[in-house]
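K.L.:
The file below is data_38.cif, mmCIF, C-alpha atoms:
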data_my_file
loop_
_atom_site.label_atom_id
_atom_site.label_comp_id
_atom_site.auth_asym_id
_atom_site.auth_seq_id
_atom_site.Cartn_x
_atom_site.Cartn_y
_atom_site.Cartn_z
CA MET A 73 31.14 152.85 -1.51
CA PRO A 74 31.49 154.39 1.97
CA SER A 75 34.01 157.21 2.28
CA GLY A 76 37.19 156.15 4.03
CA ALA A 77 36.85 152.71 2.46
CA PRO A 78 40.18 150.90 2.12
CA THR A 79 41.92 150.02 -1.12
CA LEU A 80 42.56 146.29 -1.19
CA PHE A 81 45.59 144.48 -2.59
CA LEU A 82 45.95 140.77 -3.11
CA SER A 83 48.01 138.37 -5.17
CA ASP A 84 49.12 134.78 -5.53
CA LEU A 85 45.71 133.23 -4.99
CA HIS A 86 46.73 130.51 -7.46
CA LEU A 87 43.10 129.63 -7.97
CA SER A 88 42.52 126.22 -9.49
CA PRO A 89 40.08 123.37 -8.94
CA GLU A 90 42.77 121.68 -6.83
CA ARG A 91 42.47 124.43 -4.22
CA PRO A 92 38.86 124.39 -3.08
CA GLU A 93 39.61 126.35 0.09
CA ALA A 94 41.28 129.17 -1.82
CA LEU A 95 38.33 129.23 -4.21
CA ARG A 96 35.93 129.41 -1.30
CA ALA A 97 37.91 132.17 0.33
CA PHE A 98 38.07 134.07 -2.94
CA HIS A 99 34.32 133.90 -3.53
CA ALA A 100 33.75 135.04 0.05
CA PHE A 101 36.21 137.90 -0.51
CA ALA A 102 34.50 138.94 -3.75
CA ALA A 103 31.06 138.85 -2.16
CA GLY A 104 32.17 140.61 1.02
CA PRO A 105 35.06 143.00 1.66
CA ALA A 106 35.81 143.60 -2.03
CA ARG A 107 32.41 145.22 -2.55
CA GLU A 108 33.01 147.67 0.29
CA ALA A 109 36.42 148.73 -1.00
CA ALA A 110 37.51 151.96 -2.65
CA ALA A 111 39.28 149.82 -5.27
CA VAL A 112 40.62 146.29 -5.61
CA TYR A 113 44.03 145.46 -7.08
CA LEU A 114 44.79 141.88 -8.01
CA LEU A 115 48.56 141.86 -8.37
CA GLY A 116 49.17 138.70 -10.35
CA ASP A 117 48.83 134.94 -10.12
CA VAL A 118 45.17 135.10 -9.29
CA PHE A 119 45.02 132.00 -11.44
CA ASP A 120 47.37 129.09 -11.02
CA TRP A 121 47.53 128.88 -14.80
CA TRP A 122 46.13 130.88 -17.67
CA VAL A 123 46.54 129.55 -21.17
CA GLY A 124 44.38 132.11 -22.95
CA ASP A 125 41.08 133.85 -22.48
CA ASP A 126 39.25 130.86 -23.98
CA GLN A 127 39.99 129.31 -20.59
CA MET A 128 36.79 131.02 -19.47
CA ARG A 129 35.09 127.89 -20.83
CA GLU A 130 36.23 126.05 -17.70
CA PRO A 131 33.38 126.09 -15.18
CA PHE A 132 35.58 127.08 -12.21
CA VAL A 133 36.95 129.99 -14.23
CA ALA A 134 33.46 131.07 -15.27
CA ARG A 135 32.51 131.22 -11.59
CA ILE A 136 35.58 133.29 -10.76
CA VAL A 137 34.85 135.71 -13.58
CA GLU A 138 31.29 136.00 -12.31
CA SER A 139 32.56 136.85 -8.81
CA LEU A 140 34.95 139.45 -10.27
CA ARG A 141 32.09 140.92 -12.25
CA GLY A 142 30.15 141.18 -8.99
CA ILE A 143 32.87 143.42 -7.55
CA ALA A 144 32.84 145.66 -10.62
CA ASP A 145 29.03 145.72 -10.64
CA ALA A 146 29.08 146.94 -7.05
CA GLY A 147 30.83 150.04 -8.39
CA VAL A 148 34.29 149.13 -7.16
CA PRO A 149 37.10 149.73 -9.64
CA LEU A 150 38.89 146.46 -10.26
CA TYR A 151 42.46 146.25 -11.55
CA ILE A 152 44.33 143.13 -12.57
CA ALA A 153 48.08 142.79 -13.10
CA HIS A 154 49.74 139.84 -14.78
CA GLY A 155 51.68 137.34 -12.72
CA ASN A 156 54.21 134.78 -13.82
CA ARG A 157 51.51 132.12 -14.04
CA ASP A 158 48.72 134.11 -15.64
CA PHE A 159 50.73 136.37 -17.94
CA LEU A 160 48.46 135.41 -20.85
CA MET A 161 45.37 137.08 -19.36
CA GLY A 162 43.92 139.26 -22.09
CA PRO A 163 41.25 141.79 -22.99
CA ARG A 164 38.42 139.26 -23.28
CA LEU A 165 38.86 138.22 -19.65
CA ALA A 166 39.14 141.85 -18.57
CA ALA A 167 35.93 142.76 -20.40
CA ALA A 168 34.03 139.78 -18.97
CA ALA A 169 35.23 140.55 -15.43
CA GLY A 170 34.62 144.29 -15.71
CA ALA A 171 38.28 144.79 -14.83
CA THR A 172 41.15 146.84 -16.16
CA LEU A 173 44.40 145.08 -17.01
CA VAL A 174 47.25 147.22 -15.75
CA PRO A 175 50.86 147.50 -16.91
CA GLU A 176 53.78 145.88 -15.13
CA TYR A 177 54.25 148.82 -12.76
CA VAL A 178 51.48 151.04 -11.46
CA VAL A 179 52.09 154.15 -9.41
CA LEU A 180 49.34 155.45 -7.13
CA ASP A 181 48.94 158.28 -4.71
CA LEU A 182 47.41 156.47 -1.73
CA HIS A 183 46.41 158.96 0.95
CA GLY A 184 49.45 161.06 0.18
CA ILE A 185 51.89 158.16 -0.07
CA ARG A 186 53.35 157.52 -3.50
CA THR A 187 53.00 153.78 -3.95
CA VAL A 188 54.37 151.54 -6.69
CA LEU A 189 52.65 148.22 -7.40
CA CYS A 190 53.89 145.19 -9.30
CA HIS A 191 53.60 141.43 -9.22
CA GLY A 192 57.14 141.08 -7.91
CA ASP A 193 58.78 138.56 -10.22
CA SER A 194 60.61 141.38 -12.02
CA LEU A 195 62.35 142.16 -8.71
CA CYS A 196 63.91 138.69 -8.45
CA THR A 197 66.79 139.52 -10.74
CA ASP A 198 69.26 137.18 -9.02
CA ASP A 199 67.38 134.32 -10.63
CA VAL A 200 68.97 134.75 -14.04
CA ASP A 201 67.39 131.63 -15.58
CA TYR A 202 63.95 132.74 -14.54
CA GLN A 203 64.47 136.25 -15.92
CA ALA A 204 65.52 134.78 -19.28
CA TYR A 205 62.38 132.62 -19.33
CA ARG A 206 60.28 135.61 -18.30
CA ALA A 207 61.68 137.75 -21.12
CA ARG A 208 60.81 135.01 -23.63
CA MET A 209 57.29 134.59 -22.27
CA ARG A 210 56.55 138.30 -22.12
CA ASN A 211 57.54 138.72 -25.77
CA PRO A 212 54.34 139.55 -27.71
CA ALA A 213 55.40 137.49 -30.73
CA MET A 214 55.96 134.47 -28.48
CA GLN A 215 52.58 135.01 -26.80
CA ALA A 216 50.84 135.28 -30.16
CA ARG A 217 52.47 132.03 -31.26
CA LEU A 218 51.37 130.31 -28.05
CA LEU A 219 47.81 131.57 -28.34
CA ARG A 220 47.51 130.18 -31.89
CA LEU A 221 47.93 126.64 -30.52
CA PRO A 222 44.83 124.61 -29.72
CA TYR A 223 43.53 124.90 -26.16
CA PHE A 224 44.39 121.34 -25.11
CA LEU A 225 47.97 121.78 -26.28
CA ARG A 226 48.38 125.03 -24.36
CA ARG A 227 47.04 123.26 -21.29
CA ILE A 228 49.64 120.52 -21.68
CA ILE A 229 52.41 123.09 -22.12
CA ALA A 230 51.23 124.94 -19.00
CA ARG A 231 51.33 121.72 -16.95
CA TRP A 232 54.79 120.93 -18.27
CA LEU A 233 56.07 124.42 -17.46
CA GLN A 234 54.65 124.17 -13.95
CA ARG A 235 56.34 120.87 -13.30
CA LYS A 236 59.59 122.23 -14.70
CA SER A 237 59.30 125.34 -12.53
CA ARG A 238 58.73 123.20 -9.44
CA ASP A 239 61.78 121.07 -10.23
CA MET A 240 63.89 124.14 -10.89
CA LYS A 241 62.79 125.76 -7.64
CA ALA A 242 63.76 122.67 -5.68
CA LEU A 243 67.28 122.97 -7.02
CA LYS A 244 67.72 126.68 -6.42
CA PRO A 245 68.99 128.32 -3.26
CA GLU A 246 66.25 130.16 -1.38
CA SER A 247 68.05 133.47 -1.59
CA ILE A 248 68.00 133.85 -5.36
CA MET A 249 64.23 133.34 -5.43
CA ASP A 250 63.69 136.41 -3.26
CA VAL A 251 63.84 139.98 -4.47
CA ALA A 252 67.24 141.51 -5.20
CA PRO A 253 67.82 144.51 -2.90
CA ASP A 254 69.49 146.55 -5.68
CA THR A 255 66.52 146.03 -7.97
CA VAL A 256 64.13 147.01 -5.19
CA ALA A 257 66.11 150.20 -4.59
CA ALA A 258 66.21 150.97 -8.31
CA THR A 259 62.45 150.44 -8.56
CA PHE A 260 61.81 152.83 -5.67
CA ARG A 261 64.02 155.40 -7.35
CA ARG A 262 62.60 154.99 -10.85
CA HIS A 263 59.05 155.59 -9.64
CA ASP A 264 60.01 158.02 -6.92
CA ALA A 265 57.89 155.94 -4.53
CA GLN A 266 57.75 155.79 -0.74
CA ARG A 267 55.91 152.52 -0.62
CA MET A 268 55.94 149.35 -2.69
CA ILE A 269 53.35 146.60 -2.71
CA HIS A 270 54.02 143.32 -4.48
CA GLY A 271 53.51 139.58 -4.21
CA HIS A 272 55.13 136.64 -5.99
CA THR A 273 57.65 135.49 -3.40
CA HIS A 274 55.08 134.04 -0.98
CA ARG A 275 57.03 135.66 1.84
CA PRO A 276 54.46 138.00 3.36
CA ALA A 277 56.07 140.76 5.36
CA ARG A 278 56.54 144.46 5.80
CA HIS A 279 60.09 145.57 5.15
CA GLU A 280 61.60 148.93 5.83
CA VAL A 281 64.23 149.90 3.33
CA ASP A 282 66.55 152.84 3.27
CA VAL A 283 66.97 154.23 -0.22
CA ASP A 284 69.10 157.34 -0.68
CA GLY A 285 68.69 158.21 2.98
CA ALA A 286 64.89 157.98 3.01
CA ARG A 287 62.88 155.30 4.80
CA ARG A 288 60.58 153.45 2.44
CA GLU A 289 58.34 150.51 3.05
CA ARG A 290 57.85 147.39 1.02
CA TYR A 291 54.84 145.18 1.63
CA VAL A 292 54.95 141.63 0.38
CA LEU A 293 51.51 140.14 -0.08
CA ALA A 294 50.67 136.69 1.24
CA ASP A 295 49.83 133.76 -0.98
CA TRP A 296 46.49 132.04 -0.49
CA HIS A 297 47.78 128.55 0.01
CA ASP A 298 46.42 128.09 3.52
CA ARG A 299 44.34 131.20 4.06
CA GLY A 300 42.96 134.12 2.09
CA ARG A 301 44.89 137.21 3.07
CA TYR A 302 44.95 140.69 1.63
CA LEU A 303 46.33 144.11 2.40
CA ALA A 304 43.91 146.91 3.21
CA VAL A 305 45.24 150.44 2.86
CA ASP A 306 43.32 153.45 4.15
CA GLU A 307 44.15 156.79 5.74
CA GLY A 308 45.26 155.01 8.90
CA GLY A 309 47.85 152.88 7.10
CA ALA A 310 48.23 149.39 5.71
CA ASN A 311 46.88 146.34 7.51
CA GLU A 312 46.81 142.70 6.62
CA ARG A 313 43.39 141.12 6.80
CA GLU A 314 42.17 137.61 6.46
CA ILE A 315 39.04 136.36 4.82
CA VAL A 316 37.56 133.59 6.89
CA PRO A 317 34.80 131.78 5.00
CA GLN A 318 34.53 129.35 7.86
CA ARG A 319 36.93 129.04 10.71
CA ARG A 320 39.32 126.11 10.59
CA PRO A 321 41.88 124.83 13.07
CA MET B 180 46.74 109.47 29.28
CA VAL B 181 48.81 112.53 28.68
CA VAL B 182 49.15 115.54 30.96
CA LEU B 183 49.92 118.91 29.45
CA LYS B 184 51.64 120.98 32.12
CA THR B 185 50.84 124.51 31.04
CA SER B 186 51.49 127.95 32.39
CA HIS B 187 47.80 128.01 33.32
CA GLY B 188 47.64 124.59 35.02
CA ASP B 189 47.52 120.91 34.09
CA ILE B 190 45.28 119.50 31.38
CA LYS B 191 44.80 115.74 31.42
CA LEU B 192 43.92 114.10 28.11
CA ALA B 193 42.43 110.62 27.69
CA LEU B 194 43.43 109.32 24.28
CA ASP B 195 41.21 107.07 22.20
CA ALA B 196 43.66 104.62 20.64
CA GLU B 197 40.83 102.31 19.72
CA ASN B 198 39.10 104.74 17.39
CA ALA B 199 42.09 106.79 16.28
CA PRO B 200 45.08 104.43 16.45
CA ALA B 201 47.39 106.16 13.97
CA THR B 202 46.62 109.62 15.33
CA VAL B 203 47.19 108.57 18.94
CA ALA B 204 50.45 106.81 18.00
CA ASN B 205 51.56 109.96 16.18
CA PHE B 206 50.65 112.19 19.13
CA LEU B 207 52.45 109.91 21.61
CA ASP B 208 55.55 109.91 19.40
CA TYR B 209 55.69 113.67 19.70
CA VAL B 210 55.00 113.50 23.47
CA ARG B 211 57.78 110.94 24.03
CA GLY B 212 60.19 112.87 21.83
CA GLY B 213 59.67 115.98 23.95
CA HIS B 214 58.35 117.91 20.97
CA TYR B 215 55.58 119.63 22.90
CA ASP B 216 57.83 120.81 25.73
CA ASN B 217 58.07 124.58 25.62
CA THR B 218 55.51 125.03 22.85
CA VAL B 219 52.61 127.46 23.04
CA PHE B 220 48.90 127.65 22.37
CA HIS B 221 49.42 130.17 19.57
CA ARG B 222 45.83 130.49 18.37
CA VAL B 223 43.09 131.01 20.91
CA ILE B 224 39.50 131.73 19.92
CA ASP B 225 37.10 131.86 22.82
CA ASP B 226 33.99 130.40 21.18
CA PHE B 227 35.85 128.00 18.91
CA MET B 228 39.06 126.24 19.95
CA ILE B 229 42.55 126.64 21.36
CA GLN B 230 45.34 125.46 19.07
CA GLY B 231 48.95 124.71 19.86
CA GLY B 232 51.82 122.28 19.91
CA GLY B 233 53.61 123.56 16.83
CA MET B 234 55.45 126.68 17.86
CA GLU B 235 57.81 127.87 20.53
CA PRO B 236 57.31 131.19 22.30
CA GLY B 237 57.96 133.95 19.78
CA LEU B 238 55.96 131.99 17.17
CA LYS B 239 58.94 129.97 16.06
CA GLN B 240 57.73 126.98 14.10
CA LYS B 241 59.19 123.66 15.24
CA PRO B 242 60.21 120.98 12.77
CA THR B 243 57.81 118.06 12.45
CA ARG B 244 57.80 114.56 11.06
CA ALA B 245 55.77 113.22 8.14
CA PRO B 246 52.00 113.87 8.33
CA VAL B 247 49.58 111.29 9.68
CA ALA B 248 46.55 109.96 7.81
CA ASN B 249 43.30 111.65 8.79
CA GLU B 250 41.13 109.22 10.80
CA ALA B 251 38.16 111.56 11.08
CA THR B 252 35.99 108.81 9.59
CA ASN B 253 36.09 107.22 13.06
CA GLY B 254 32.82 108.86 14.04
CA LEU B 255 34.22 110.83 17.00
CA LYS B 256 32.63 114.28 17.14
CA ASN B 257 34.26 117.64 17.67
CA LYS B 258 32.41 118.23 20.93
CA LYS B 259 33.43 120.65 23.64
CA TYR B 260 36.64 119.55 25.44
CA THR B 261 37.60 116.99 22.80
CA VAL B 262 41.09 117.15 21.34
CA ALA B 263 41.71 116.85 17.60
CA MET B 264 44.49 117.32 15.10
CA ALA B 265 44.98 120.64 13.34
CA ARG B 266 46.10 120.64 9.73
CA THR B 267 46.33 122.64 6.52
CA SER B 268 43.69 122.53 3.80
CA ASP B 269 44.97 119.08 2.84
CA PRO B 270 42.95 116.61 4.96
CA HIS B 271 45.96 114.35 5.47
CA SER B 272 48.45 116.97 6.54
CA ALA B 273 48.30 116.83 10.36
CA THR B 274 51.69 116.61 12.06
CA ALA B 275 52.14 117.92 15.62
CA GLN B 276 49.66 120.77 16.03
CA PHE B 277 46.46 119.87 17.83
CA PHE B 278 43.51 121.79 19.18
CA ILE B 279 41.04 121.50 22.02
CA ASN B 280 37.47 122.30 21.07
CA VAL B 281 35.95 124.82 23.48
CA ALA B 282 32.54 124.63 21.81
CA ASP B 283 30.55 121.99 19.96
CA ASN B 284 32.06 122.39 16.48
CA ASP B 285 30.06 119.90 14.46
CA PHE B 286 31.09 121.58 11.21
CA LEU B 287 34.55 120.14 11.83
CA ASP B 288 33.27 116.54 11.75
CA TYR B 289 33.82 114.18 8.84
CA LYS B 290 31.18 114.50 6.14
CA ALA B 291 32.62 113.28 2.85
CA PRO B 292 35.92 112.03 1.42
CA SER B 293 36.73 115.41 -0.13
CA ALA B 294 39.07 118.26 0.76
CA ASN B 295 36.16 120.22 2.20
CA GLY B 296 34.29 117.38 3.82
CA TRP B 297 36.96 115.32 5.48
CA GLY B 298 36.87 117.17 8.74
CA TYR B 299 39.24 117.09 11.71
CA CYS B 300 40.21 113.93 13.54
CA VAL B 301 39.19 113.78 17.19
CA PHE B 302 41.50 111.45 19.13
CA GLY B 303 40.80 112.15 22.77
CA LYS B 304 39.23 114.39 25.35
CA VAL B 305 40.04 116.51 28.36
CA VAL B 306 39.24 114.52 31.51
CA GLU B 307 40.82 116.85 34.06
CA GLY B 308 41.66 120.53 33.90
CA GLN B 309 38.64 121.69 31.97
CA ASP B 310 38.84 124.80 34.12
CA VAL B 311 42.37 125.30 32.78
CA VAL B 312 41.04 125.13 29.22
CA ASP B 313 38.34 127.62 30.19
CA ARG B 314 40.98 129.99 31.54
CA ILE B 315 43.14 129.69 28.43
CA LYS B 316 40.26 130.37 26.05
CA LYS B 317 39.63 133.67 27.84
CA VAL B 318 43.15 135.08 27.59
CA PRO B 319 43.45 138.36 25.69
CA THR B 320 44.63 137.88 22.11
CA GLY B 321 45.74 140.04 19.22
CA ASN B 322 47.63 139.97 15.96
CA SER B 323 51.28 139.09 15.97
CA GLY B 324 53.06 139.51 12.66
CA PHE B 325 50.95 137.60 10.22
CA HIS B 326 49.18 135.51 12.83
CA GLN B 327 45.82 136.31 14.34
CA ASN B 328 44.23 135.35 17.67
CA VAL B 329 47.63 135.07 19.31
CA PRO B 330 47.62 135.31 23.13
CA LYS B 331 49.18 138.58 24.26
CA ASP B 332 51.03 136.69 26.99
CA ASP B 333 52.39 133.29 26.02
CA VAL B 334 50.30 130.30 27.03
CA VAL B 335 53.11 127.78 27.36
CA ILE B 336 53.00 124.00 27.45
CA HIS B 337 56.00 123.50 29.74
CA LYS B 338 55.84 119.75 29.39
CA ALA B 339 53.69 116.99 27.91
CA GLU B 340 53.95 113.80 29.90
CA GLU B 341 52.57 110.32 29.58
CA VAL B 342 50.88 109.12 32.77
CA PRO B 343 49.24 105.81 33.65
CA GLY B 344 45.49 105.75 32.89
#
Render the structure in this file as structure tokens.
P.N.:
Amino acid sequence: MPSGAPTLFLSDLHLSPERPEALRAFHAFAAGPAREAAAVYLLGDVFDWWVGDDQMREPFVARIVESLRGIADAGVPLYIAHGNRDFLMGPRLAAAAGATLVPEYVVLDLHGIRTVLCHGDSLCTDDVDYQAYRARMRNPAMQARLLRLPYFLRRIIARWLQRKSRDMKALKPESIMDVAPDTVAATFRRHDAQRMIHGHTHRPARHEVDVDGARRERYVLADWHDRGRYLAVDEGGANEREIVPQRRP
Amino acid sequence: MVVLKTSHGDIKLALDAENAPATVANFLDYVRGGHYDNTVFHRVIDDFMIQGGGMEPGLKQKPTRAPVANEATNGLKNKKYTVAMARTSDPHSATAQFFINVADNDFLDYKAPSANGWGYCVFGKVVEGQDVVDRIKKVPTGNSGFHQNVPKDDVVIHKAEEVPG
């Protein structure tokens, strides 16, 4: 890779056959900018659903894994974090994609700036119901039980959970589905970070936060619902970029 | 006919109600309701199109009504100086935002009844003020927040007005 190449961060692609444009943008990303990067971090919800690594039998998933492999084969380190939709991603996927599955929080030194990465759902602590669900789903015993079910049954459960989540979201006030400022501050403190990069909320922005008298910045990654967008961080700073497979009005 | 009175001059549009009845009715509803007054062309790409009608200066999104069905099967082509409806990746999601092609964009034409192939519905063309369109497409643009190709100085549609054909 060229020196000075940016490190790329993206999340919330929600790839599924129902989102052909996102798929197209993703494949264009994997074949283009990703291969020129210093490293690529996929910070959760790359997939709209993940019911187990045997999902790689689905043709659209096989193509995604192939594109991921292409990034790794180009010599670019590829890291994948779990999101709230694809928390069941496991070692077989990682091996096939040539990627490393990372823990819930990752701390990096990015050009001298201590940066903490996460998907972002753990920051939304005002949503108590969601956090209870999340704790259940992240429990290894629960995951093992889920993964023992036949594939078709897991698929049905995933669809049911998605519908339930949509219904729940419709009933919740907007504010509790965003990050909780206290949790953000605590996360900055715990990791002694100056910068945070996360996704999940689909509210792309750059926020400046004051924690213990120091200015810190929090980047929220964009979802890929309409367009493929990612954050590129190099010595010059962090910039949002868009992957344009073909221009659309 | 509809005249867009912009900060760069008047653009007169002839609408094709025969080939795009639902789209023209939708567009005229927004015109008559004053929706387009004080909106901007917020996305300007010189060799592609100029898009507007959805945001106020400052990139404030305006509320819209229910989307209109995509009539791109009507055979009208996305030729230079035609006007068509903008939308999201869902073919049938056009509301108020429209765009004026400033190049022949045949890849935007209807090809197949799929998300990728449906194309963009042309419903009229610029009959006067093509020079205005040419001026707008040349304005300097940059990034603004999370938007790209945003004119550095607002290109405002002061008023959209129905005029006799």
K.L.:
Name the residues captured by the PyMOL selection byres ((chain A and resi 319) around 12) when it is applied to the shown file; answer as a ChimeraX atom specification.
P.N.:
/A:93,97,298-300,314-318,320-321 /B:222,224,226-228,265,268,284,286-287,328
K.L.:
Store the residues picked out above in a file with C-alpha atoms, as a compact mmCIF listing (two decimals), in the frame of the given file.
P.N.:
# COMPACT_ATOMS: atom_id res chain seq x y z
CA GLU A 93 39.61 126.35 0.09
CA ALA A 97 37.91 132.17 0.33
CA ASP A 298 46.42 128.09 3.52
CA ARG A 299 44.34 131.20 4.06
CA GLY A 300 42.96 134.12 2.09
CA GLU A 314 42.17 137.61 6.46
CA ILE A 315 39.04 136.36 4.82
CA VAL A 316 37.56 133.59 6.89
CA PRO A 317 34.80 131.78 5.00
CA GLN A 318 34.53 129.35 7.86
CA ARG A 320 39.32 126.11 10.59
CA PRO A 321 41.88 124.83 13.07
CA ARG B 222 45.83 130.49 18.37
CA ILE B 224 39.50 131.73 19.92
CA ASP B 226 33.99 130.40 21.18
CA PHE B 227 35.85 128.00 18.91
CA MET B 228 39.06 126.24 19.95
CA ALA B 265 44.98 120.64 13.34
CA SER B 268 43.69 122.53 3.80
CA ASN B 284 32.06 122.39 16.48
CA PHE B 286 31.09 121.58 11.21
CA LEU B 287 34.55 120.14 11.83
CA ASN B 328 44.23 135.35 17.67
K.L.:
Starting from the shown file, work through the PyMOL selection byres ((chain B) within 10 of (chain A)) and note down what comes out as a count of residues only.
P.N.:
31
K.L.:
Just give me the gap between CA of Glu108 (chain A) and CA of Ser83 (chain A) in Å, one decimal is fine.
P.N.:
18.5 Å
K.L.:
Leaving out region 332-338 of chain B and any residue of its chain fewer than 5 positions from it, which residues lie within 10 Å of it when counting only C-alpha atoms, given as an mmCIF file with C-alpha atoms, in the frame of the given file?
P.N.:
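Written out: result.cif:
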data_model
loop_
_atom_site.group_PDB
_atom_site.id
_atom_site.type_symbol
_atom_site.label_atom_id
_atom_site.label_comp_id
_atom_site.auth_asym_id
_atom_site.auth_seq_id
_atom_site.Cartn_x
_atom_site.Cartn_y
_atom_site.Cartn_z
ATOM 1 C CA VAL B 182 49.150 115.540 30.960
ATOM 2 C CA LEU B 183 49.920 118.910 29.450
ATOM 3 C CA LYS B 184 51.640 120.980 32.120
ATOM 4 C CA THR B 185 50.840 124.510 31.040
ATOM 5 C CA SER B 186 51.490 127.950 32.390
ATOM 6 C CA HIS B 187 47.800 128.010 33.320
ATOM 7 C CA GLY B 188 47.640 124.590 35.020
ATOM 8 C CA ASP B 189 47.520 120.910 34.090
ATOM 9 C CA ILE B 190 45.280 119.500 31.380
ATOM 10 C CA VAL B 210 55.000 113.500 23.470
ATOM 11 C CA GLY B 213 59.670 115.980 23.950
ATOM 12 C CA HIS B 214 58.350 117.910 20.970
ATOM 13 C CA TYR B 215 55.580 119.630 22.900
ATOM 14 C CA ASP B 216 57.830 120.810 25.730
ATOM 15 C CA ASN B 217 58.070 124.580 25.620
ATOM 16 C CA THR B 218 55.510 125.030 22.850
ATOM 17 C CA VAL B 219 52.610 127.460 23.040
ATOM 18 C CA PHE B 220 48.900 127.650 22.370
ATOM 19 C CA HIS B 221 49.420 130.170 19.570
ATOM 20 C CA ARG B 222 45.830 130.490 18.370
ATOM 21 C CA VAL B 223 43.090 131.010 20.910
ATOM 22 C CA GLY B 231 48.950 124.710 19.860
ATOM 23 C CA GLY B 232 51.820 122.280 19.910
ATOM 24 C CA MET B 234 55.450 126.680 17.860
ATOM 25 C CA GLU B 235 57.810 127.870 20.530
ATOM 26 C CA PRO B 236 57.310 131.190 22.300
ATOM 27 C CA GLY B 237 57.960 133.950 19.780
ATOM 28 C CA LEU B 238 55.960 131.990 17.170
ATOM 29 C CA ILE B 315 43.140 129.690 28.430
ATOM 30 C CA VAL B 318 43.150 135.080 27.590
ATOM 31 C CA PRO B 319 43.450 138.360 25.690
ATOM 32 C CA THR B 320 44.630 137.880 22.110
ATOM 33 C CA GLY B 321 45.740 140.040 19.220
#
K.L.:
Taking 5 positions as the minimum chain separation for residues in the same chain, which residues sit within 10 Å of Ala230 (chain A) when counting only C-alpha atoms? Answer as a count of residues only.
P.N.:
9
K.L.:
Of the residues B:Val311, B:Val329, B:Ala245, B:Leu192, which is the one nearest to Ala275 (chain B), using only C-alpha atoms?
P.N.:
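Once distances to Ala275 (chain B) are computed over only C-alpha atoms, the minimum belongs to B:Ala245.
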K.L.:
Excluding region 285-289 of chain A and residues on its chain fewer than 6 positions from it, collect all residues at most 6 Å away from it, counting only C-alpha atoms, and give them as a ChimeraX atom specification.
P.N.:
/A:266-267,279
K.L.:
Write out as a VMD selection string each polymer residue whose atoms come within 9 Å of region 194-207 of chain B, counting only C-alpha atoms; drop sequence neighbours fewer than 4 positions from it.
P.N.:
chain B and resid 180 to 181 211 to 212 246 to 251 253 to 255 262 264 273 to 275 277 300 to 305 341
K.L.:
Go through the shown structure with the PyMOL selection byres ((chain A and resi 291) around 12) and write out the matching residues as an MDAnalysis selection string.
P.N.:
chainID A and resid 81:83 187:192 256 266:281 288:290 292:294 302:305 309:312
K.L.:
Do you have the CA of Val118 (chain A)-CA of Leu87 (chain A) distance handy?
P.N.:
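That distance, rounded to one decimal, is 6.0 Å.
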K.L.:
Do you have the CA of Gln127 (chain A)-CA of Arg217 (chain A) distance handy?
P.N.:
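CA of Arg217 (chain A) lies at a distance of 16.6 Å from CA of Gln127 (chain A).
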K.L.:
Dump as a list of chain:residue names all residues having an atom at most 12 Å from (39.4, 136.0, -23.1), computed in the file's coordinates with only C-alpha atoms.
P.N.:
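Final list of nearby residues, as requested, is A:Trp122, A:Val123, A:Gly124, A:Asp125, A:Asp126, A:Gln127, A:Met128, A:Arg129, A:Glu130, A:Val133, A:Ala134, A:Val137, A:Leu160, A:Met161, A:Gly162, A:Pro163, A:Arg164, A:Leu165, A:Ala166, A:Ala167, A:Ala168, A:Ala169, A:Leu219.
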K.L.:
Please produce a file of the residues just selected, as a PDB file, in the coordinates of the input, where the atoms kept are C-alpha atoms.
P.N.:
ATOM      1  CA  TRP A 122      46.130 130.880 -17.670  1.00  0.00           C
ATOM      2  CA  VAL A 123      46.540 129.550 -21.170  1.00  0.00           C
ATOM      3  CA  GLY A 124      44.380 132.110 -22.950  1.00  0.00           C
ATOM      4  CA  ASP A 125      41.080 133.850 -22.480  1.00  0.00           C
ATOM      5  CA  ASP A 126      39.250 130.860 -23.980  1.00  0.00           C
ATOM      6  CA  GLN A 127      39.990 129.310 -20.590  1.00  0.00           C
ATOM      7  CA  MET A 128      36.790 131.020 -19.470  1.00  0.00           C
ATOM      8  CA  ARG A 129      35.090 127.890 -20.830  1.00  0.00           C
ATOM      9  CA  GLU A 130      36.230 126.050 -17.700  1.00  0.00           C
ATOM     10  CA  VAL A 133      36.950 129.990 -14.230  1.00  0.00           C
ATOM     11  CA  ALA A 134      33.460 131.070 -15.270  1.00  0.00           C
ATOM     12  CA  VAL A 137      34.850 135.710 -13.580  1.00  0.00           C
ATOM     13  CA  LEU A 160      48.460 135.410 -20.850  1.00  0.00           C
ATOM     14  CA  MET A 161      45.370 137.080 -19.360  1.00  0.00           C
ATOM     15  CA  GLY A 162      43.920 139.260 -22.090  1.00  0.00           C
ATOM     16  CA  PRO A 163      41.250 141.790 -22.990  1.00  0.00           C
ATOM     17  CA  ARG A 164      38.420 139.260 -23.280  1.00  0.00           C
ATOM     18  CA  LEU A 165      38.860 138.220 -19.650  1.00  0.00           C
ATOM     19  CA  ALA A 166      39.140 141.850 -18.570  1.00  0.00           C
ATOM     20  CA  ALA A 167      35.930 142.760 -20.400  1.00  0.00           C
ATOM     21  CA  ALA A 168      34.030 139.780 -18.970  1.00  0.00           C
ATOM     22  CA  ALA A 169      35.230 140.550 -15.430  1.00  0.00           C
ATOM     23  CA  LEU A 219      47.810 131.570 -28.340  1.00  0.00           C
TER      24      LEU A 219
END
